[in-house]
file my_file_39.cif (mmCIF, C-alpha atoms)
data_entry
loop_
_atom_site.label_atom_id
_atom_site.label_comp_id
_atom_site.auth_asym_id
_atom_site.auth_seq_id
_atom_site.Cartn_x
_atom_site.Cartn_y
_atom_site.Cartn_z
CA MET Z 1 -15.25 -41.46 39.82
CA LYS Z 2 -12.89 -38.79 41.17
CA GLY Z 3 -11.38 -38.53 37.71
CA SER Z 4 -14.70 -37.94 36.00
CA ILE Z 5 -15.63 -35.27 38.56
CA ILE Z 6 -12.37 -33.37 37.93
CA ILE Z 7 -12.90 -33.75 34.17
CA SER Z 8 -16.44 -32.41 34.43
CA ILE Z 9 -15.23 -29.43 36.47
CA CYS Z 10 -12.46 -28.65 33.93
CA PHE Z 11 -15.02 -28.80 31.14
CA ILE Z 12 -17.58 -26.59 32.91
CA VAL Z 13 -14.97 -24.00 33.95
CA GLY Z 14 -13.71 -23.98 30.35
CA VAL Z 15 -17.22 -23.38 29.03
CA PHE Z 16 -17.67 -20.41 31.38
CA VAL Z 17 -14.27 -18.98 30.49
CA GLY Z 18 -14.93 -19.36 26.77
CA ASN Z 19 -18.38 -17.88 27.08
CA SER Z 20 -17.37 -14.81 29.07
CA VAL Z 21 -13.75 -13.95 28.29
CA ILE Z 22 -12.42 -13.22 24.81
CA VAL Z 23 -9.51 -15.69 25.15
CA ALA Z 24 -10.50 -17.64 22.07
CA GLU Z 25 -9.44 -14.81 19.77
CA THR Z 26 -6.17 -14.02 21.46
CA PHE Z 27 -4.44 -17.34 20.90
CA ASP Z 28 -4.87 -20.32 18.64
CA ILE Z 29 -6.76 -22.91 20.69
CA ASP Z 30 -6.99 -25.44 17.88
CA ASN Z 31 -3.23 -25.59 17.44
CA LEU Z 32 -2.57 -25.83 21.15
CA THR Z 33 -5.17 -28.58 21.42
CA TYR Z 34 -3.59 -30.57 18.61
CA LEU Z 35 -0.10 -30.32 20.09
CA ALA Z 36 -1.39 -31.36 23.51
CA LEU Z 37 -3.22 -34.27 21.88
CA LEU Z 38 -0.06 -35.53 20.18
CA LEU Z 39 1.77 -35.30 23.49
CA LEU Z 40 -1.06 -37.16 25.21
CA VAL Z 41 -1.17 -40.14 22.83
CA PHE Z 42 2.63 -40.27 22.98
CA LEU Z 43 2.58 -40.45 26.80
CA VAL Z 44 -0.30 -42.94 26.83
CA GLY Z 45 1.76 -45.05 24.43
CA ILE Z 46 4.74 -44.92 26.78
CA SER Z 47 2.71 -46.00 29.78
CA ILE Z 48 1.07 -48.90 27.95
CA GLY Z 49 4.29 -50.03 26.30
CA GLY Z 50 6.20 -49.65 29.53
CA SER Z 51 4.01 -51.57 31.92
CA ALA Z 52 5.36 -55.07 31.69
CA ASP Z 53 2.25 -56.46 33.37
CA ASN Z 54 -0.04 -55.25 30.60
CA LEU Z 55 2.02 -56.84 27.87
CA LYS Z 56 2.58 -60.07 29.76
CA LEU Z 57 -1.13 -60.25 30.44
CA ILE Z 58 -1.96 -60.01 26.77
CA ARG Z 59 0.72 -62.57 25.82
CA ASN Z 60 -0.15 -65.09 28.50
CA ASN Z 61 -3.89 -64.95 28.29
CA SER Z 62 -5.67 -67.40 26.11
CA ILE Z 63 -7.18 -66.16 22.88
CA LYS Z 64 -10.54 -66.73 24.53
CA ALA Z 65 -10.12 -63.77 26.88
CA LEU Z 66 -9.85 -61.49 23.85
CA LEU Z 67 -13.45 -62.36 23.06
CA ILE Z 68 -14.53 -59.90 25.75
CA PRO Z 69 -12.99 -56.74 24.24
CA LEU Z 70 -14.19 -58.03 20.87
CA SER Z 71 -17.76 -58.41 22.09
CA THR Z 72 -17.56 -55.03 23.86
CA ALA Z 73 -16.53 -53.35 20.61
CA THR Z 74 -19.04 -55.24 18.47
CA GLY Z 75 -21.92 -54.64 20.86
CA THR Z 76 -21.09 -50.95 21.22
CA LEU Z 77 -20.99 -50.44 17.47
CA ILE Z 78 -24.25 -52.37 16.95
CA GLY Z 79 -25.91 -50.23 19.64
CA SER Z 80 -24.59 -47.04 18.05
CA VAL Z 81 -25.79 -48.03 14.58
CA PHE Z 82 -29.21 -48.88 16.00
CA VAL Z 83 -29.61 -45.61 17.90
CA SER Z 84 -28.50 -43.58 14.86
CA LEU Z 85 -31.83 -44.52 13.24
CA PHE Z 86 -33.56 -42.30 15.79
CA LEU Z 87 -31.07 -39.43 15.76
CA THR Z 88 -30.25 -36.64 13.33
CA TYR Z 89 -26.63 -37.83 13.16
CA SER Z 90 -25.39 -40.30 10.56
CA ILE Z 91 -24.48 -43.94 11.23
CA LYS Z 92 -20.78 -43.09 10.88
CA GLU Z 93 -21.00 -40.19 13.32
CA CYS Z 94 -22.83 -42.24 15.96
CA MET Z 95 -20.39 -45.14 15.52
CA ALA Z 96 -17.43 -42.79 16.02
CA VAL Z 97 -18.94 -41.44 19.25
CA GLY Z 98 -19.64 -44.98 20.49
CA ALA Z 99 -16.12 -46.04 19.52
CA GLY Z 100 -14.75 -43.87 22.30
CA PHE Z 101 -15.66 -46.90 24.48
CA GLY Z 102 -15.76 -44.61 27.53
CA TYR Z 103 -12.35 -43.09 26.82
CA TYR Z 104 -13.82 -39.59 26.76
CA SER Z 105 -10.67 -37.47 26.76
CA LEU Z 106 -8.94 -38.97 23.78
CA SER Z 107 -12.03 -39.77 21.70
CA SER Z 108 -13.61 -36.32 22.04
CA ILE Z 109 -10.44 -34.54 21.07
CA ILE Z 110 -9.71 -36.75 18.07
CA ILE Z 111 -13.30 -36.38 16.85
CA LYS Z 112 -13.16 -32.62 17.35
CA ASN Z 113 -9.98 -32.41 15.30
CA ILE Z 114 -10.87 -34.67 12.40
CA HIS Z 115 -14.63 -34.02 12.25
CA SER Z 116 -16.37 -31.18 14.10
CA GLN Z 117 -16.65 -29.38 17.40
CA ASN Z 118 -20.28 -30.47 17.78
CA LEU Z 119 -19.53 -34.18 17.49
CA GLY Z 120 -16.49 -33.78 19.75
CA VAL Z 121 -18.72 -32.40 22.49
CA ILE Z 122 -21.20 -35.24 22.00
CA ALA Z 123 -18.34 -37.74 22.26
CA LEU Z 124 -17.09 -36.14 25.48
CA LEU Z 125 -20.53 -36.12 27.13
CA SER Z 126 -21.53 -39.54 25.81
CA ASN Z 127 -18.39 -41.29 27.02
CA ILE Z 128 -18.48 -39.59 30.44
CA ILE Z 129 -22.12 -40.72 30.74
CA ARG Z 130 -21.07 -44.29 29.82
CA GLU Z 131 -18.63 -44.36 32.73
CA ILE Z 132 -21.20 -42.92 35.12
CA ILE Z 133 -23.85 -45.47 34.03
CA THR Z 134 -21.35 -48.29 34.67
CA LEU Z 135 -20.43 -46.98 38.11
CA VAL Z 136 -24.00 -46.34 39.21
CA PHE Z 137 -25.87 -49.28 37.67
CA ALA Z 138 -23.24 -52.02 38.13
CA PRO Z 139 -25.42 -54.21 40.42
CA VAL Z 140 -28.37 -54.01 38.00
CA ILE Z 141 -26.18 -54.78 34.97
CA VAL Z 142 -24.61 -57.82 36.65
CA ALA Z 143 -28.01 -59.11 37.77
CA LEU Z 144 -29.58 -58.77 34.32
CA PHE Z 145 -26.73 -59.56 31.94
CA GLY Z 146 -24.22 -61.66 33.89
CA LYS Z 147 -20.88 -61.06 35.55
CA MET Z 148 -18.75 -60.37 32.50
CA SER Z 149 -21.15 -57.79 31.12
CA ILE Z 150 -20.03 -55.21 33.67
CA ILE Z 151 -16.52 -55.36 32.15
CA SER Z 152 -18.02 -54.56 28.75
CA SER Z 153 -20.16 -51.78 30.12
CA GLY Z 154 -17.04 -50.03 31.44
CA GLY Z 155 -15.34 -50.33 28.04
CA ALA Z 156 -11.87 -48.79 27.99
CA THR Z 157 -12.32 -47.65 31.61
CA SER Z 158 -12.48 -51.27 32.82
CA MET Z 159 -8.69 -51.14 33.35
CA ASP Z 160 -8.77 -48.18 35.75
CA THR Z 161 -11.80 -46.23 36.94
CA THR Z 162 -14.38 -49.01 36.74
CA LEU Z 163 -11.99 -51.84 37.71
CA PRO Z 164 -12.88 -51.62 41.43
CA ILE Z 165 -16.57 -51.92 40.48
CA VAL Z 166 -15.87 -55.02 38.37
CA ILE Z 167 -14.03 -56.63 41.30
CA ARG Z 168 -16.81 -55.77 43.73
CA HIS Z 169 -19.76 -56.90 41.63
CA ALA Z 170 -18.30 -59.70 39.48
CA GLY Z 171 -15.39 -60.93 41.59
CA LYS Z 172 -11.60 -60.82 41.85
CA GLN Z 173 -11.19 -63.56 39.25
CA PHE Z 174 -12.41 -61.11 36.60
CA ALA Z 175 -9.82 -58.41 37.31
CA MET Z 176 -7.34 -59.72 34.72
CA ILE Z 177 -9.91 -59.95 31.94
CA SER Z 178 -11.13 -56.49 32.94
CA VAL Z 179 -7.64 -55.01 32.53
CA LEU Z 180 -7.18 -56.87 29.25
CA ASN Z 181 -10.49 -55.47 28.01
CA GLY Z 182 -9.50 -51.93 28.98
CA VAL Z 183 -6.02 -52.13 27.46
CA SER Z 184 -7.23 -53.62 24.16
CA LEU Z 185 -9.99 -51.04 23.77
CA THR Z 186 -7.70 -48.16 24.74
CA ILE Z 187 -5.30 -49.19 22.01
CA ILE Z 188 -7.98 -49.40 19.32
CA VAL Z 189 -9.85 -46.16 20.20
CA PRO Z 190 -7.67 -43.78 18.14
CA ILE Z 191 -7.35 -46.28 15.31
CA ILE Z 192 -11.03 -47.19 15.00
CA ILE Z 193 -12.22 -43.56 15.21
CA GLU Z 194 -9.87 -42.51 12.43
CA LEU Z 195 -11.03 -45.44 10.32
CA ILE Z 196 -14.73 -44.73 10.85
CA LEU Z 197 -14.69 -40.98 10.16
CA MET P 1 -2.73 -40.27 11.04
CA LEU P 2 -0.10 -38.31 12.97
CA VAL P 3 -2.02 -39.22 16.14
CA ILE P 4 -1.60 -42.96 15.52
CA LEU P 5 2.06 -42.46 14.61
CA PHE P 6 2.76 -40.64 17.89
CA PHE P 7 0.93 -43.35 19.79
CA PHE P 8 3.07 -46.10 18.29
CA ILE P 9 6.30 -44.15 18.81
CA GLY P 10 5.28 -43.82 22.47
CA LEU P 11 4.41 -47.51 22.66
CA LEU P 12 7.80 -48.48 21.26
CA LEU P 13 9.64 -46.04 23.51
CA GLY P 14 7.74 -47.33 26.54
CA PHE P 15 8.69 -50.87 25.60
CA ILE P 16 12.36 -49.95 25.26
CA THR P 17 12.52 -47.94 28.50
CA LYS P 18 10.59 -50.56 30.45
CA LYS P 19 13.44 -50.88 32.96
CA HIS P 20 13.20 -47.21 33.92
CA GLN P 21 9.88 -47.25 35.70
CA LYS P 22 10.37 -43.60 36.67
CA ILE P 23 9.85 -42.53 33.08
CA ILE P 24 6.69 -44.63 32.86
CA GLN P 25 5.32 -43.20 36.10
CA LEU P 26 6.18 -39.67 35.04
CA SER P 27 4.38 -40.07 31.74
CA GLU P 28 1.32 -41.56 33.46
CA LYS P 29 1.18 -38.65 35.88
CA SER P 30 1.69 -35.93 33.31
CA SER P 31 -0.80 -37.47 30.90
CA SER P 32 -3.63 -36.96 33.40
CA TYR P 33 -2.73 -33.26 33.64
CA ILE P 34 -2.72 -32.99 29.86
CA VAL P 35 -6.18 -34.55 29.83
CA TYR P 36 -7.37 -31.82 32.22
CA LEU P 37 -5.79 -29.18 30.00
CA LEU P 38 -7.37 -30.66 26.88
CA VAL P 39 -10.84 -30.87 28.38
CA PHE P 40 -10.47 -27.30 29.69
CA LEU P 41 -9.49 -26.12 26.19
CA LEU P 42 -12.40 -28.09 24.74
CA GLY P 43 -14.66 -26.29 27.22
CA ILE P 44 -13.29 -22.91 26.13
CA SER P 45 -13.98 -23.58 22.46
CA VAL P 46 -17.45 -24.89 23.30
CA GLY P 47 -18.24 -21.83 25.47
CA TYR P 48 -16.94 -19.55 22.76
CA ASP P 49 -19.05 -21.22 20.05
CA LYS P 50 -22.49 -19.57 20.22
CA GLU P 51 -24.06 -22.19 17.98
CA ILE P 52 -23.10 -25.07 20.27
CA MET P 53 -24.11 -23.14 23.37
CA SER P 54 -27.63 -22.68 22.04
CA ASN P 55 -27.84 -26.41 21.19
CA LEU P 56 -26.33 -27.80 24.38
CA SER P 57 -29.48 -29.59 25.57
CA LYS P 58 -29.90 -31.29 22.18
CA LEU P 59 -26.23 -32.37 22.15
CA GLY P 60 -26.62 -33.71 25.69
CA LEU P 61 -29.67 -35.75 24.74
CA THR P 62 -27.87 -37.23 21.72
CA ALA P 63 -24.86 -38.05 23.91
CA PHE P 64 -27.09 -39.74 26.46
CA SER P 65 -28.86 -41.84 23.78
CA ILE P 66 -25.59 -43.06 22.29
CA ALA P 67 -24.23 -43.89 25.76
CA ILE P 68 -27.29 -45.97 26.68
CA ALA P 69 -27.27 -47.75 23.30
CA SER P 70 -23.52 -48.49 23.59
CA VAL P 71 -23.85 -49.95 27.07
CA LEU P 72 -26.92 -52.03 26.16
CA GLY P 73 -25.36 -53.32 22.93
CA SER P 74 -22.12 -54.33 24.61
CA VAL P 75 -23.69 -56.01 27.66
CA ILE P 76 -26.08 -58.03 25.48
CA ILE P 77 -23.33 -59.31 23.17
CA THR P 78 -21.09 -60.07 26.15
CA MET P 79 -23.93 -61.95 27.83
CA LEU P 80 -24.19 -64.16 24.74
CA VAL P 81 -20.40 -64.64 24.57
CA GLU P 82 -20.33 -65.52 28.28
CA LYS P 83 -23.06 -68.13 27.82
CA LEU P 84 -21.43 -69.63 24.73
CA PHE P 85 -17.73 -69.65 25.63
CA PHE P 86 -17.27 -69.10 29.36
CA LYS P 87 -19.82 -71.51 30.80
CA ASP P 88 -17.20 -73.62 32.59
CA THR P 89 -14.88 -70.76 33.55
CA ILE P 90 -17.45 -69.00 35.69
CA ASN P 91 -18.18 -70.14 39.29
#

call {"tool": "encode", "arguments": {"input": "my_file_39.cif", "output": "structure tokens"}}
result
Amino acid sequence: MKGSIIISICFIVGVFVGNSVIVAETFDIDNLTYLALLLLVFLVGISIGGSADNLKLIRNNSIKALLIPLSTATGTLIGSVFVSLFLTYSIKECMAVGAGFGYYSLSSIIIKNIHSQNLGVIALLSNIIREIITLVFAPVIVALFGKMSIISSGGATSMDTTLPIVIRHAGKQFAMISVLNGVSLTIIVPIIIELIL
Amino acid sequence: MLVILFFFIGLLLGFITKKHQKIIQLSEKSSSYIVYLLVFLLGISVGYDKEIMSNLSKLGLTAFSIAIASVLGSVIITMLVEKLFFKDTIN
């Protein structure tokens, strides 16, 4: 939660700066953004590759546990395709936004770079909202859809920001699957977005 | 494609340097600051773009719809998967 508040503040301050100051003309924001993005995925790669626990977890867990990230991804994409029928954006565009799986920072920046600014902003807002929904409505989600559904609702955030919520509302025994879900989705976010768009 | 390449180079490097947890911790810490920088830069380009600024409420509504649909879709499929495959594991 603290993370998403800081992120929201950074975004809002940025909007005000961009709207009032003429910074955007003085230096190349797109280039700087792209370089920072490359650095980010590189560092994220290091932290995933370097945490022995994550890799051991994936190796040791039965194939069955992988059904959860699979159902999270499938369900998210089905939902995105469905909602695209009511929106002015195409199926592909809605799927790409959904395929952020709550990983707002990376997904919004990739989408901005390979598609458009507009869709990048939608991805940022949409994936922040996904995290907030999970944090706020966890008890309702567990009551209506079962214990494992809260892991899916968190998507890629189920390994960090929404993990405490999973433990509280589903139970400690789901922590490992929750981390596995988050790690698997985090890994496929950049790949699946590039494939969709 | 360069994005995926950098990710896998990082993944490999992280795997190799697994013994030096300091490097891992450092990269975790600095990546959150880069995220702040990126979102700040994203904010600047959004604020600078007059077309987006005048459409912000529409973009927000679209974002909200996709978020709700994503959550609903994933919890429904997971509910089915839980009932089919994890009946004995739970409780």

call {"tool": "atom_distance", "arguments": {"input": "my_file_39.cif", "atom1": "CA of Leu180 (chain Z)", "atom2": "CA of Thr72 (chain Z)"}}
result
11.8 Å

call {"tool": "resolve_selection", "arguments": {"input": "my_file_39.cif", "expression": "the PyMOL selection byres ((chain P) within 7 of (chain Z))", "output": "VMD selection string"}}
result
chain P and resid 3 to 4 6 to 15 17 to 18 24 27 to 28 31 34 to 36 38 to 48 52 59 to 60 62 to 64 66 to 67 69 to 79 82

call {"tool": "atom_distance", "arguments": {"input": "my_file_39.cif", "atom1": "CA of Ile165 (chain Z)", "atom2": "CA of Ala138 (chain Z)"}}
result
7.1 Å

call {"tool": "atom_distance", "arguments": {"input": "my_file_39.cif", "atom1": "CA of Leu197 (chain Z)", "atom2": "CA of Leu56 (chain P)"}}
result
22.6 Å

call {"tool": "closest_residue", "arguments": {"input": "my_file_39.cif", "among": "Z:Ile91, Z:Val136, Z:Met176, Z:Met159", "to": "Ile196 (chain Z)", "atoms": "all atoms listed in the file"}}
result
Z:Ile91
